[in-house]
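Trainee: Handing over upload-v4.cif, mmCIF, C-alpha atoms.
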data_final
loop_
_atom_site.label_atom_id
_atom_site.label_comp_id
_atom_site.auth_asym_id
_atom_site.auth_seq_id
_atom_site.Cartn_x
_atom_site.Cartn_y
_atom_site.Cartn_z
CA MET M 157 132.26 114.37 86.87
CA ALA M 158 132.19 115.06 83.16
CA ASN M 159 129.02 116.42 81.60
CA TRP M 160 128.64 113.47 79.25
CA MET M 161 128.77 111.14 82.26
CA LYS M 162 126.06 113.11 84.04
CA ARG M 163 123.88 112.93 80.94
CA LEU M 164 124.53 109.21 80.66
CA ILE M 165 123.41 108.66 84.26
CA LYS M 166 120.38 110.89 83.72
CA THR M 167 119.44 108.85 80.62
CA PHE M 168 119.84 105.64 82.62
CA VAL M 169 117.62 106.95 85.43
CA ILE M 170 114.97 108.02 82.91
CA GLY M 171 115.20 104.53 81.43
CA VAL M 172 114.66 102.95 84.85
CA ILE M 173 111.61 105.14 85.49
CA LEU M 174 110.20 104.37 82.04
CA GLY M 175 110.91 100.66 82.60
CA LEU M 176 109.04 100.73 85.91
CA LEU M 177 106.08 102.63 84.45
CA GLY M 178 105.99 100.59 81.25
CA THR M 179 106.08 97.24 83.00
CA GLY M 180 103.51 98.48 85.49
CA ALA M 181 101.19 99.62 82.70
CA LEU M 182 101.69 96.33 80.89
CA ALA M 183 100.92 94.31 84.04
CA TRP M 184 97.87 96.46 84.77
CA TYR M 185 96.25 96.63 81.35
CA VAL M 186 97.17 93.35 79.66
CA PRO M 187 94.97 90.57 81.04
CA ALA M 188 96.92 87.61 82.41
CA VAL M 189 94.01 85.29 81.65
CA ASP M 190 91.74 85.59 78.64
CA ILE M 191 88.99 82.98 78.78
CA HIS M 192 87.61 81.85 75.43
CA ARG M 193 83.90 82.64 75.13
CA GLU M 194 81.38 80.92 72.92
CA ARG M 195 78.13 82.53 71.87
CA SER M 196 75.21 81.82 74.25
CA PHE M 197 72.05 80.63 72.51
CA VAL M 198 69.37 81.92 74.86
CA SER M 199 65.70 82.36 73.96
CA VAL M 200 63.76 84.90 75.97
CA GLN M 201 60.41 83.81 77.37
CA PRO M 202 57.25 85.95 77.77
CA ASN M 203 57.62 85.90 81.57
CA GLY M 204 61.02 87.58 81.32
CA GLY M 205 62.96 84.39 81.91
CA ASN M 206 65.08 82.60 79.39
CA ILE M 207 65.65 79.10 78.11
CA GLU M 208 69.03 77.72 77.20
CA VAL M 209 69.66 74.21 75.96
CA PHE M 210 72.86 72.30 76.66
CA HIS M 211 73.59 68.84 75.41
CA ILE M 212 76.05 66.01 75.82
CA ASN M 213 76.89 63.68 72.94
CA LEU M 214 77.31 60.09 74.07
CA PRO M 215 79.69 58.41 74.30
CA ARG M 216 82.14 61.01 73.01
CA ASP M 217 81.57 63.64 75.72
CA ARG M 218 81.69 61.20 78.62
CA ILE M 219 84.87 61.80 80.63
CA MET M 220 84.24 59.41 83.50
CA VAL M 221 81.75 56.92 84.84
CA GLY M 222 82.43 55.75 88.38
CA LEU M 223 80.36 52.71 89.28
CA PRO M 224 80.24 50.23 92.16
CA ASN M 225 81.28 47.58 89.64
CA VAL M 226 84.77 48.79 88.72
CA ASP M 227 84.82 46.68 85.54
CA ASN M 228 82.15 48.90 84.01
CA SER M 229 83.84 52.15 84.98
CA ILE M 230 85.14 54.57 82.36
CA PRO M 231 87.88 55.31 81.36
CA ALA M 232 89.83 52.06 81.42
CA GLY M 233 92.14 51.94 84.40
CA LEU M 234 89.93 54.09 86.60
CA GLU M 235 90.41 52.92 90.19
CA TRP M 236 86.98 53.74 91.56
CA PRO M 237 86.85 53.37 95.37
CA GLY M 238 85.42 50.04 96.50
CA GLU M 239 84.12 51.28 99.86
CA GLU M 240 80.80 49.53 100.56
CA ILE M 241 79.47 52.67 102.17
CA LEU M 242 79.27 54.27 98.71
CA GLY M 243 76.46 51.81 97.90
CA ASP M 244 75.06 52.21 94.40
CA MET M 245 76.31 55.77 93.99
CA GLN M 246 77.16 56.58 90.40
CA ALA M 247 79.36 59.51 89.44
CA GLU M 248 79.68 60.76 85.88
CA LEU M 249 81.67 63.53 84.26
CA PHE M 250 80.87 65.02 80.88
CA LYS M 251 81.83 67.75 78.49
CA VAL M 252 78.86 70.05 77.86
CA ARG M 253 77.95 71.59 74.49
CA ASN M 254 75.78 74.52 73.47
CA SER M 255 73.08 74.40 70.78
CA ASP M 256 75.77 74.93 68.18
CA ASN M 257 77.43 71.63 69.20
CA THR M 258 80.48 73.46 70.61
CA VAL M 259 81.97 72.43 73.94
CA ILE M 260 81.41 75.21 76.47
CA GLY M 261 81.90 73.49 79.83
CA VAL M 262 82.07 70.39 81.96
CA ALA M 263 79.52 68.78 84.25
CA SER M 264 79.18 66.17 86.94
CA ARG M 265 76.13 64.02 87.60
CA LEU M 266 75.87 62.18 90.92
CA ALA M 267 73.07 59.69 91.51
CA SER M 268 72.09 57.11 94.07
CA ALA M 269 68.83 55.22 94.41
CA THR M 270 69.48 53.64 97.79
CA GLY M 271 71.91 55.94 99.56
CA GLU M 272 71.80 56.04 103.38
CA SER M 273 70.90 59.71 103.22
CA GLY M 274 68.14 59.10 100.69
CA PRO M 275 68.04 58.86 96.91
CA PHE M 276 69.34 61.76 94.88
CA ILE M 277 70.19 62.82 91.34
CA GLU M 278 72.21 66.01 90.93
CA TRP M 279 74.01 67.97 88.27
CA VAL M 280 76.78 70.51 88.60
CA VAL M 281 77.37 72.33 85.29
CA HIS M 282 80.58 74.37 85.23
CA LEU M 283 80.92 76.86 82.38
CA PRO M 284 84.35 78.55 82.81
CA ALA M 285 83.38 81.80 81.13
CA ARG M 286 80.03 82.17 82.89
CA GLY M 287 79.73 80.32 86.20
CA THR M 288 78.39 77.18 87.80
CA ILE M 289 74.86 75.78 88.19
CA TYR M 290 73.83 73.29 90.88
CA VAL M 291 70.67 71.35 90.10
CA LYS M 292 68.72 68.79 92.10
CA MET M 293 66.60 66.50 89.94
CA GLU M 294 63.38 64.73 90.80
CA ILE M 295 63.93 61.03 91.38
CA THR M 296 60.99 59.86 89.30
CA PRO M 297 61.03 60.77 85.61
CA SER M 298 57.87 61.98 83.92
CA ALA M 299 55.77 59.74 81.71
CA ASP M 300 57.17 61.62 78.73
CA GLY M 301 60.67 60.43 79.48
CA PHE M 302 62.23 63.54 80.96
CA ARG M 303 63.16 64.48 84.49
CA ASN M 304 62.61 67.88 86.03
CA GLY M 305 64.98 69.52 88.43
CA GLU M 306 65.33 72.65 90.52
CA MET M 307 68.30 74.97 90.37
CA LEU M 308 69.62 75.16 93.95
CA ALA M 309 72.48 77.58 93.41
CA GLY M 310 74.43 79.42 90.78
CA SER M 311 77.63 81.42 90.72
CA ARG M 312 78.75 84.52 88.77
CA ASP M 313 76.40 84.98 85.76
CA PHE M 314 73.95 82.52 87.32
CA SER M 315 74.09 83.89 90.87
CA VAL M 316 71.01 86.09 90.40
CA LEU M 317 69.01 83.47 88.54
CA SER M 318 66.69 80.73 89.70
CA GLY M 319 64.55 78.23 87.88
CA SER M 320 64.39 74.70 86.65
CA VAL M 321 66.33 72.30 84.48
CA ARG M 322 64.87 69.45 82.44
CA GLU M 323 67.00 66.38 81.73
CA GLN M 324 66.20 64.07 78.86
CA PHE M 325 68.03 61.20 77.15
CA ILE M 326 67.50 61.28 73.41
CA ALA M 327 68.42 58.22 71.36
CA ASP M 328 68.62 60.34 68.21
CA ALA M 329 72.10 61.80 68.03
CA GLY M 330 71.17 64.66 65.75
CA GLU M 331 73.83 65.89 63.35
CA ASP M 332 76.71 64.23 65.17
CA ALA M 333 77.49 61.06 63.23
CA ASP M 334 79.81 59.72 65.97
CA ALA M 335 77.21 59.98 68.73
CA GLN M 336 74.90 57.15 69.74
CA GLY M 337 72.61 59.39 71.73
CA ARG M 338 72.57 62.60 73.69
CA ILE M 339 71.60 64.01 77.04
CA ARG M 340 69.61 67.22 76.69
CA LEU M 341 69.59 69.72 79.54
CA GLU M 342 67.07 72.51 79.13
CA ALA M 343 67.54 75.31 81.65
CA ALA M 344 64.60 77.68 82.21
CA LEU M 345 66.00 80.48 84.35
CA VAL M 346 64.58 83.76 85.56
CA GLY M 347 66.11 86.72 87.40
CA GLN M 348 65.07 87.44 90.97
CA LEU M 349 62.33 90.01 91.43
CA GLY M 350 63.69 93.47 92.05
CA ASP M 351 67.24 92.77 90.97
CA GLU M 352 67.05 95.51 88.34
CA GLU M 353 66.28 98.29 90.79
CA MET E 116 124.87 105.45 70.74
CA LYS E 117 126.02 105.28 74.36
CA TYR E 118 122.90 107.18 75.42
CA ALA E 119 120.68 104.66 73.62
CA ILE E 120 122.46 101.78 75.36
CA SER E 121 122.11 103.58 78.68
CA LEU E 122 118.38 104.07 78.08
CA VAL E 123 117.83 100.43 77.14
CA LEU E 124 119.79 99.26 80.19
CA GLY E 125 117.67 101.59 82.32
CA LEU E 126 114.46 100.17 80.82
CA LEU E 127 115.63 96.64 81.54
CA VAL E 128 116.63 97.48 85.11
CA GLY E 129 113.27 99.22 85.64
CA ALA E 130 111.41 96.19 84.37
CA VAL E 131 113.44 93.83 86.55
CA VAL E 132 112.94 96.05 89.61
CA PHE E 133 109.18 96.09 88.97
CA VAL E 134 109.00 92.30 88.63
CA LEU E 135 111.10 91.85 91.79
CA GLY E 136 108.82 94.31 93.57
CA LEU E 137 105.80 92.23 92.62
CA TYR E 138 107.47 89.00 93.64
CA LEU E 139 108.71 90.30 96.97
CA ASN E 140 105.66 92.45 97.78
CA PRO E 141 105.02 91.71 101.47
CA PHE E 142 101.44 93.02 101.25
CA SER E 143 100.19 90.45 98.74
CA GLY E 144 100.15 87.40 101.00
CA GLN E 145 97.14 85.17 101.59
CA ALA E 146 95.71 84.45 105.02
CA THR E 147 97.04 81.41 106.82
CA VAL E 148 94.32 81.34 109.48
CA SER E 149 90.84 80.24 108.48
CA PRO E 150 88.04 82.83 108.85
CA LEU E 151 85.99 79.92 110.22
CA ALA E 152 88.44 79.40 113.09
CA VAL E 153 86.24 81.58 115.29
CA THR E 154 82.84 80.36 114.15
CA SER E 155 80.40 79.26 116.83
CA GLU E 156 78.81 76.75 114.44
CA ARG E 157 79.91 73.15 114.15
CA VAL E 158 82.28 72.40 111.28
CA ILE E 159 83.24 69.38 109.22
CA ASP E 160 86.89 69.00 108.28
CA LEU E 161 87.59 67.07 105.12
CA SER E 162 91.11 66.32 104.01
CA PHE E 163 92.41 65.03 100.71
CA SER E 164 95.63 64.67 98.80
CA ALA E 165 96.06 67.60 96.44
CA VAL E 166 98.61 65.64 94.40
CA PRO E 167 96.76 64.89 91.16
CA GLY E 168 98.43 61.48 90.83
CA ASP E 169 97.04 60.41 94.22
CA GLY E 170 93.44 61.12 93.22
CA ILE E 171 90.94 58.96 91.39
CA LEU E 172 91.10 61.08 88.25
CA TYR E 173 92.74 64.27 87.05
CA THR E 174 92.44 65.92 83.67
CA ASP E 175 93.23 69.25 82.03
CA HIS E 176 94.35 70.30 78.54
CA GLY E 177 97.28 67.91 78.76
CA GLU E 178 100.07 70.43 78.18
CA THR E 179 100.96 71.19 81.80
CA VAL E 180 103.63 69.51 83.90
CA VAL E 181 100.90 67.47 85.59
CA THR E 182 100.04 64.30 83.70
CA PRO E 183 96.30 63.54 83.42
CA HIS E 184 95.34 60.11 84.71
CA PRO E 185 94.15 57.39 84.22
CA GLU E 186 96.11 57.06 81.02
CA ARG E 187 93.16 57.11 78.62
CA ILE E 188 91.27 59.98 80.20
CA ALA E 189 89.76 62.55 77.83
CA GLU E 190 91.67 65.83 77.90
CA LEU E 191 90.00 69.24 78.08
CA TRP E 192 91.55 70.66 74.91
CA GLU E 193 88.53 72.55 73.57
CA PRO E 194 89.04 76.36 73.64
CA ALA E 195 86.22 77.08 76.11
CA ILE E 196 87.53 74.59 78.68
CA HIS E 197 91.24 74.86 77.92
CA GLU E 198 91.95 76.70 81.19
CA THR E 199 89.92 74.23 83.24
CA SER E 200 90.91 71.16 85.24
CA VAL E 201 88.84 68.44 86.86
CA TYR E 202 90.01 66.48 89.88
CA VAL E 203 88.17 63.57 91.48
CA THR E 204 89.37 62.40 94.85
CA LYS E 205 88.43 60.57 98.01
CA VAL E 206 87.90 62.87 100.96
CA GLU E 207 88.68 61.82 104.52
CA SER E 208 87.39 62.89 107.90
CA SER E 209 89.66 64.53 110.45
CA ARG E 210 90.20 61.04 111.90
CA GLY E 211 91.48 59.77 108.58
CA ASP E 212 88.40 57.67 107.76
CA PHE E 213 86.89 57.55 104.29
CA ALA E 214 84.25 60.28 104.21
CA GLY E 215 83.18 60.50 100.59
CA ILE E 216 83.94 61.51 97.04
CA GLY E 217 84.76 65.02 95.89
CA ILE E 218 84.80 66.37 92.34
CA LYS E 219 86.59 69.67 91.88
CA PHE E 220 86.20 71.86 88.80
CA SER E 221 88.74 74.65 88.61
CA SER E 222 89.13 77.33 85.94
CA GLU E 223 91.55 80.21 85.64
CA SER E 224 89.78 83.50 86.22
CA GLU E 225 89.93 86.75 84.30
CA GLN E 226 90.12 88.46 87.70
CA THR E 227 93.75 87.36 87.80
CA ALA E 228 95.98 90.42 88.20
CA ILE E 229 99.55 89.69 89.21
CA VAL E 230 100.12 93.41 89.85
CA LYS E 231 97.63 93.06 92.74
CA GLY E 232 98.95 89.67 93.87
CA ASP E 233 95.89 87.88 92.53
CA ALA E 234 96.21 84.54 90.72
CA ILE E 235 92.54 83.70 90.82
CA ALA E 236 90.70 80.49 89.98
CA ASN E 237 86.95 79.93 89.96
CA SER E 238 86.33 76.53 91.44
CA ALA E 239 83.46 74.33 92.50
CA TRP E 240 83.38 71.16 94.59
CA HIS E 241 80.58 68.63 94.12
CA ILE E 242 80.78 66.37 97.16
CA TYR E 243 78.98 63.21 98.23
CA MET E 244 79.36 62.01 101.79
CA PRO E 245 77.62 58.66 102.35
CA GLY E 246 75.16 58.81 105.22
CA GLN E 247 75.25 62.60 105.22
CA GLY E 248 74.35 63.88 101.77
CA THR E 249 75.56 66.00 98.93
CA LEU E 250 76.64 69.61 98.63
CA LEU E 251 78.20 72.19 96.36
CA ILE E 252 81.06 74.44 97.40
CA ASP E 253 81.44 77.43 95.10
CA GLN E 254 84.47 79.65 95.55
CA THR E 255 87.19 81.82 94.14
CA GLU E 256 90.72 80.90 95.13
CA ASN E 257 93.92 82.92 95.10
CA PHE E 258 97.03 80.84 94.34
CA TRP E 259 99.54 83.72 94.22
CA SER E 260 101.10 82.84 97.61
CA TYR E 261 101.44 79.22 96.53
CA ILE E 262 102.97 80.21 93.19
CA ARG E 263 105.35 82.66 94.86
CA GLU E 264 106.44 80.48 97.75
CA VAL E 265 106.41 77.04 96.13
CA VAL E 266 106.13 76.94 92.33
CA ILE E 267 108.61 79.72 91.42
CA PRO E 268 111.27 78.57 93.92
CA ALA E 269 110.94 75.01 92.50
CA ARG E 270 111.40 76.26 88.95
CA THR E 271 114.36 78.45 89.80
CA SER E 272 116.17 75.95 91.99
CA ALA E 273 119.10 73.98 90.61
CA GLY E 274 117.36 70.70 91.36
CA ASP E 275 114.05 71.76 89.76
CA ASN E 276 112.19 71.05 92.97
CA TRP E 277 111.05 72.63 96.21
CA VAL E 278 110.97 70.98 99.62
CA GLY E 279 109.77 72.72 102.72
CA SER E 280 106.61 73.49 104.63
CA PHE E 281 104.06 75.96 103.36
CA HIS E 282 100.47 76.47 104.46
CA THR E 283 97.92 78.84 102.99
CA ILE E 284 94.19 79.45 102.78
CA THR E 285 93.40 79.46 99.06
CA THR E 286 89.73 80.48 99.34
CA ASN E 287 89.22 84.23 99.01
CA GLY E 288 85.54 84.54 98.09
CA PRO E 289 82.80 85.10 97.19
CA GLY E 290 81.93 85.56 100.90
CA SER E 291 82.77 88.94 102.38
CA LEU E 292 85.09 87.31 104.91
CA GLY E 293 86.89 85.42 102.16
CA THR E 294 84.81 82.29 102.52
CA ALA E 295 83.28 79.96 99.96
CA ARG E 296 79.53 79.54 99.55
CA VAL E 297 78.08 76.14 100.45
CA THR E 298 74.72 74.88 99.18
CA GLY E 299 73.33 71.62 100.49
CA GLY E 300 71.68 69.29 98.03
CA SER E 301 70.42 66.15 99.74
CA GLY E 302 70.38 64.22 103.01
CA LEU E 303 71.35 66.17 106.12
CA PHE E 304 72.51 69.04 103.96
CA ASP E 305 69.19 69.46 102.15
CA GLY E 306 68.26 73.16 102.28
CA MET E 307 71.48 74.19 104.03
CA THR E 308 73.46 77.25 103.04
CA SER E 309 76.70 77.97 104.84
CA GLU E 310 80.36 78.82 104.36
CA SER E 311 83.55 76.94 103.74
CA VAL E 312 87.29 77.47 103.47
CA GLU E 313 89.87 75.50 101.52
CA ALA E 314 93.50 75.33 102.56
CA LEU E 315 96.57 73.58 101.30
CA THR E 316 99.75 72.45 103.00
CA ALA E 317 102.68 71.86 100.67
CA ARG E 318 105.82 69.90 101.48
CA GLY E 319 107.19 69.05 98.06
CA TYR E 320 106.87 70.31 94.48
CA SER E 321 108.69 69.32 91.32
CA ALA E 322 109.10 71.68 88.39
CA ASN E 323 108.96 68.65 86.11
CA SER E 324 105.92 66.79 87.45
CA GLY E 325 104.04 69.29 89.61
CA PRO E 326 102.85 68.68 93.19
CA VAL E 327 104.72 65.89 94.98
CA SER E 328 103.44 66.23 98.54
CA ILE E 329 100.49 68.55 99.09
CA ASP E 330 97.50 68.04 101.35
CA GLY E 331 94.23 69.87 100.91
CA ASN E 332 91.67 70.61 103.56
CA LEU E 333 88.05 71.76 103.40
CA THR E 334 86.44 73.23 106.49
CA ILE E 335 82.68 73.32 106.06
CA GLU E 336 80.50 75.17 108.52
CA LEU E 337 77.35 73.28 109.51
CA THR E 338 74.40 75.50 110.08
CA GLU E 339 71.83 74.61 112.73
CA LEU E 340 69.74 72.86 110.08
CA ALA E 341 72.33 70.22 109.30
CA ALA E 342 73.76 70.02 112.81
CA ALA E 343 70.31 69.35 114.29
CA SER E 344 69.66 66.56 111.80
CA GLU E 345 72.78 64.63 112.81
#
Show me, as structure tokens, the structure contained in the file I just sent.

Mentor:
Amino acid sequence: MANWMKRLIKTFVIGVILGLLGTGALAWYVPAVDIHRERSFVSVQPNGGNIEVFHINLPRDRIMVGLPNVDNSIPAGLEWPGEEILGDMQAELFKVRNSDNTVIGVASRLASATGESGPFIEWVVHLPARGTIYVKMEITPSADGFRNGEMLAGSRDFSVLSGSVREQFIADAGEDADAQGRIRLEAALVGQLGDEE
Amino acid sequence: MKYAISLVLGLLVGAVVFVLGLYLNPFSGQATVSPLAVTSERVIDLSFSAVPGDGILYTDHGETVVTPHPERIAELWEPAIHETSVYVTKVESSRGDFAGIGIKFSSESEQTAIVKGDAIANSAWHIYMPGQGTLLIDQTENFWSYIREVVIPARTSAGDNWVGSFHTITTNGPGSLGTARVTGGSGLFDGMTSESVEALTARGYSANSGPVSIDGNLTIELTELAAASE
């Protein structure tokens, strides 16, 4: 075989090796998914916990309302199941905003006053960049118009936190001219004792 | 010049070999047998159609092959939720009876690393089962097997579709055995913590419209607390 041919094959083999290594390095170091992150507006409390306020502008951030009376369901055309066993269960989906009025997640709120397994009001708040919070609310609201709830579980950033969440409907829509009101969720969360050891 | 061409050809061949190696890697498969198959606890099996069009509601950023529905549903176009989808569906018991409503939030995860065979999603189910209660299932899922065995073959086939039979366990955490974490909220599930596994069985997929025939299944372990209350 001629020398130039040998060199050509050697160059090709080097190219293959470089192609393998280069693609491998690319696949290893370049993230396939890059989740957009918004700034978290958290205020630290004297007890070491923190408070973070989320809100939902109504009606703009409402994705779905599933009601026993299908005619009142949102969006139009939603075929909410008519099974009687669902009773008065109401399911809602929302987009969730931070204090800066930027959408940072989605949430579901399930509620029933007369369910066979007892009344309940629950939130699941799913923040893609941070994790999920599961909150069980008290059935009876306070005299001041808000409802307290307990965080039952959290994932990822919230997995080591516990605490409470306060839900409040505010007729004042704040700076959002399109909103007729807002739901305010105030999360007061604290890390578990000893988790910094 | 001929050496430059040879080098470029080599680079291309190397890249193609690497991609083929990833695609055909026999060590990157997902389990097909549930870790809960050997549990001594009682379990609930919930099934549902994983075809978005069969559900009550499906929405995402609106630029995928899957069409959000109903028609006027709000899309999740904002940057922070752009990689997220929401699916609302009826869930059925193992006997095929209506068992409740499930809401699934699913977001692409930054843990995704194709080089390791990981196409990860962070997902959460909020479920209401009339007469039983409510619960949250929090999990990470790995869809690489599904993408490799169903989605890519559909997109590379001449007919732009895939028909066959494929079953996989999608749940791969956060439990050490690759199980999801279950937290009970109300009713019989109040105070319960247990494990769960989600699986899917695919029979048809279209490159143009997404899933055509796919069933999902949730196996939820009942701890003594909930089992005793029944």

Trainee: Which residues come within 8 Å of Ser238 in chain E, counting only C-alpha atoms, excluding same-chain residues fewer than 5 positions away, as a VMD selection string?

Mentor: chain E and resid 219 to 222 253 to 256

Trainee: Using the chain letters and numbering of this document, enumerate as number ranges by chain the residues selected by the PyMOL selection byres ((chain M and resi 256) around 10).

Mentor: M: 194-197, 209-211, 253-255, 257-259

Trainee: Export, as an mmCIF file, in the frame of the given file, the selected residues with C-alpha atoms.

Mentor:
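Final output, saved to out.cif:
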data_model
loop_
_atom_site.group_PDB
_atom_site.id
_atom_site.type_symbol
_atom_site.label_atom_id
_atom_site.label_comp_id
_atom_site.auth_asym_id
_atom_site.auth_seq_id
_atom_site.Cartn_x
_atom_site.Cartn_y
_atom_site.Cartn_z
ATOM 1 C CA GLU M 194 81.380 80.920 72.920
ATOM 2 C CA ARG M 195 78.130 82.530 71.870
ATOM 3 C CA SER M 196 75.210 81.820 74.250
ATOM 4 C CA PHE M 197 72.050 80.630 72.510
ATOM 5 C CA VAL M 209 69.660 74.210 75.960
ATOM 6 C CA PHE M 210 72.860 72.300 76.660
ATOM 7 C CA HIS M 211 73.590 68.840 75.410
ATOM 8 C CA ARG M 253 77.950 71.590 74.490
ATOM 9 C CA ASN M 254 75.780 74.520 73.470
ATOM 10 C CA SER M 255 73.080 74.400 70.780
ATOM 11 C CA ASN M 257 77.430 71.630 69.200
ATOM 12 C CA THR M 258 80.480 73.460 70.610
ATOM 13 C CA VAL M 259 81.970 72.430 73.940
#

Trainee: Neighbours of range 133-136 of chain E within 12 Å (only C-alpha atoms; same-chain residues fewer than 5 positions away dropped), as a list of chain:residue names?

Mentor: M:Val172, M:Ile173, M:Leu174, M:Gly175, M:Leu176, M:Leu177, M:Gly178, M:Thr179, M:Gly180, M:Ala181, M:Leu182, M:Ala183, E:Leu126, E:Leu127, E:Val128, E:Pro141, E:Phe142, E:Ser143, E:Ile229, E:Val230, E:Lys231, E:Gly232, E:Arg263

Trainee: Convert the output of the PyMOL selection byres ((chain M and resi 214) around 12) on the shown file into explicit residues, formatted as a PyMOL selection string.

Mentor: chain M and resi 211-213+215-220+249-253+325-330+332-340

Trainee: How would the residues just chosen look if you wrote them out with C-alpha atoms as a short mmCIF file (atom, residue, chain, number, x, y, z; two decimals), keeping the file's coordinate frame?

Mentor:
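That gives us out-v3.cif:
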data_model
loop_
_atom_site.label_atom_id
_atom_site.label_comp_id
_atom_site.auth_asym_id
_atom_site.auth_seq_id
_atom_site.Cartn_x
_atom_site.Cartn_y
_atom_site.Cartn_z
CA HIS M 211 73.59 68.84 75.41
CA ILE M 212 76.05 66.01 75.82
CA ASN M 213 76.89 63.68 72.94
CA PRO M 215 79.69 58.41 74.30
CA ARG M 216 82.14 61.01 73.01
CA ASP M 217 81.57 63.64 75.72
CA ARG M 218 81.69 61.20 78.62
CA ILE M 219 84.87 61.80 80.63
CA MET M 220 84.24 59.41 83.50
CA LEU M 249 81.67 63.53 84.26
CA PHE M 250 80.87 65.02 80.88
CA LYS M 251 81.83 67.75 78.49
CA VAL M 252 78.86 70.05 77.86
CA ARG M 253 77.95 71.59 74.49
CA PHE M 325 68.03 61.20 77.15
CA ILE M 326 67.50 61.28 73.41
CA ALA M 327 68.42 58.22 71.36
CA ASP M 328 68.62 60.34 68.21
CA ALA M 329 72.10 61.80 68.03
CA GLY M 330 71.17 64.66 65.75
CA ASP M 332 76.71 64.23 65.17
CA ALA M 333 77.49 61.06 63.23
CA ASP M 334 79.81 59.72 65.97
CA ALA M 335 77.21 59.98 68.73
CA GLN M 336 74.90 57.15 69.74
CA GLY M 337 72.61 59.39 71.73
CA ARG M 338 72.57 62.60 73.69
CA ILE M 339 71.60 64.01 77.04
CA ARG M 340 69.61 67.22 76.69
#

Trainee: Please put the answer as AutoDock Vina command-line options: centre and edge lengths, in Å with one decimal, of a box along x, y and z that encloses all listed atoms of range 184-202 of chain E plus 5 Å on each side.

Mentor:
--center_x 91.2 --center_y 67.1 --center_z 81.7 --size_x 19.9 --size_y 30.0 --size_z 26.3

Trainee: Env of range 270-280 of chain E: 6 Å cut, atoms = only C-alpha atoms, seq-sep filter 5 positions within chain, self excluded. Answer as a PyMOL selection string.

Mentor: chain E and resi 317-322

Trainee: For chain E, list the residues within 6 Å of chain M, counting all atoms listed in the file, and write the list as a PyMOL selection string.

Mentor: chain E and resi 118+121-122+125-126+128-130+133+185+188-189+194-196+222+225+230+245-248+302

Trainee: Report as a list in words all protein, DNA and RNA residues lying within 10 Å of Ile242 in chain E, evaluated on only C-alpha atoms, omitting residues in the same chain fewer than 3 positions from it.

Mentor: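 With the cut-off at 10 Å, the set is Leu266 of chain M; Val203, Thr204, Lys205, Val206, Ala214, Gly215, Ile216, Gly217, Ile218, Lys219, Ala239, Pro245, Gly248, Thr249, Leu250, Leu251, Ile252, Gly299 and Gly300 of chain E.
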
Trainee: If you count only C-alpha atoms, which residues fall within 8 Å of Pro150 in chain E, apart from same-chain ones fewer than 5 positions away, as an mmCIF file with C-alpha atoms, in the coordinates of the input?

Mentor:
data_model
loop_
_atom_site.group_PDB
_atom_site.id
_atom_site.type_symbol
_atom_site.label_atom_id
_atom_site.label_comp_id
_atom_site.auth_asym_id
_atom_site.auth_seq_id
_atom_site.Cartn_x
_atom_site.Cartn_y
_atom_site.Cartn_z
ATOM 1 C CA LEU E 292 85.090 87.310 104.910
ATOM 2 C CA GLY E 293 86.890 85.420 102.160
ATOM 3 C CA THR E 294 84.810 82.290 102.520
ATOM 4 C CA VAL E 312 87.290 77.470 103.470
#

Trainee: Just so the selection is clear, what residues does the PyMOL selection byres ((chain E and resi 164) around 9) cover here, as a PyMOL selection string?

Mentor: chain E and resi 162-163+165-167+169-170+204-206+328-332

Trainee: Using all atoms listed in the file for the distances, tell me which of E:Asp233, E:His176, E:Thr298, E:Leu161 is nearest to Met307 in chain M.

Mentor: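 Going through E:Asp233, E:His176, E:Thr298, E:Leu161 one by one, the smallest distance to Met307 in chain M is for E:Thr298.
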
Trainee: Hey, can you check how far CA of Gly205 in chain M sits from CA of Ser315 in chain M?

Mentor: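 We find that CA of Gly205 in chain M and CA of Ser315 in chain M lie 14.3 Å from each other.
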
Trainee: What gap, in Å, lies between CA of Ala269 in chain E and CA of Val327 in chain E?

Mentor: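 If I compute the distance from CA of Ala269 in chain E to CA of Val327 in chain E, I get 11.3 Å.
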
Trainee: Would you mind reading off the distance between CA of Glu178 in chain E and CA of Pro268 in chain E, one decimal, in Å?

Mentor: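 Computing the Euclidean distance for CA of Glu178 in chain E and CA of Pro268 in chain E yields 21.0 Å.
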
Trainee: Which one is closest to Ser311 in chain E: E:Thr283, E:Thr154, E:Thr174, E:Ser209? Count all atoms listed in the file.

Mentor: E:Thr154
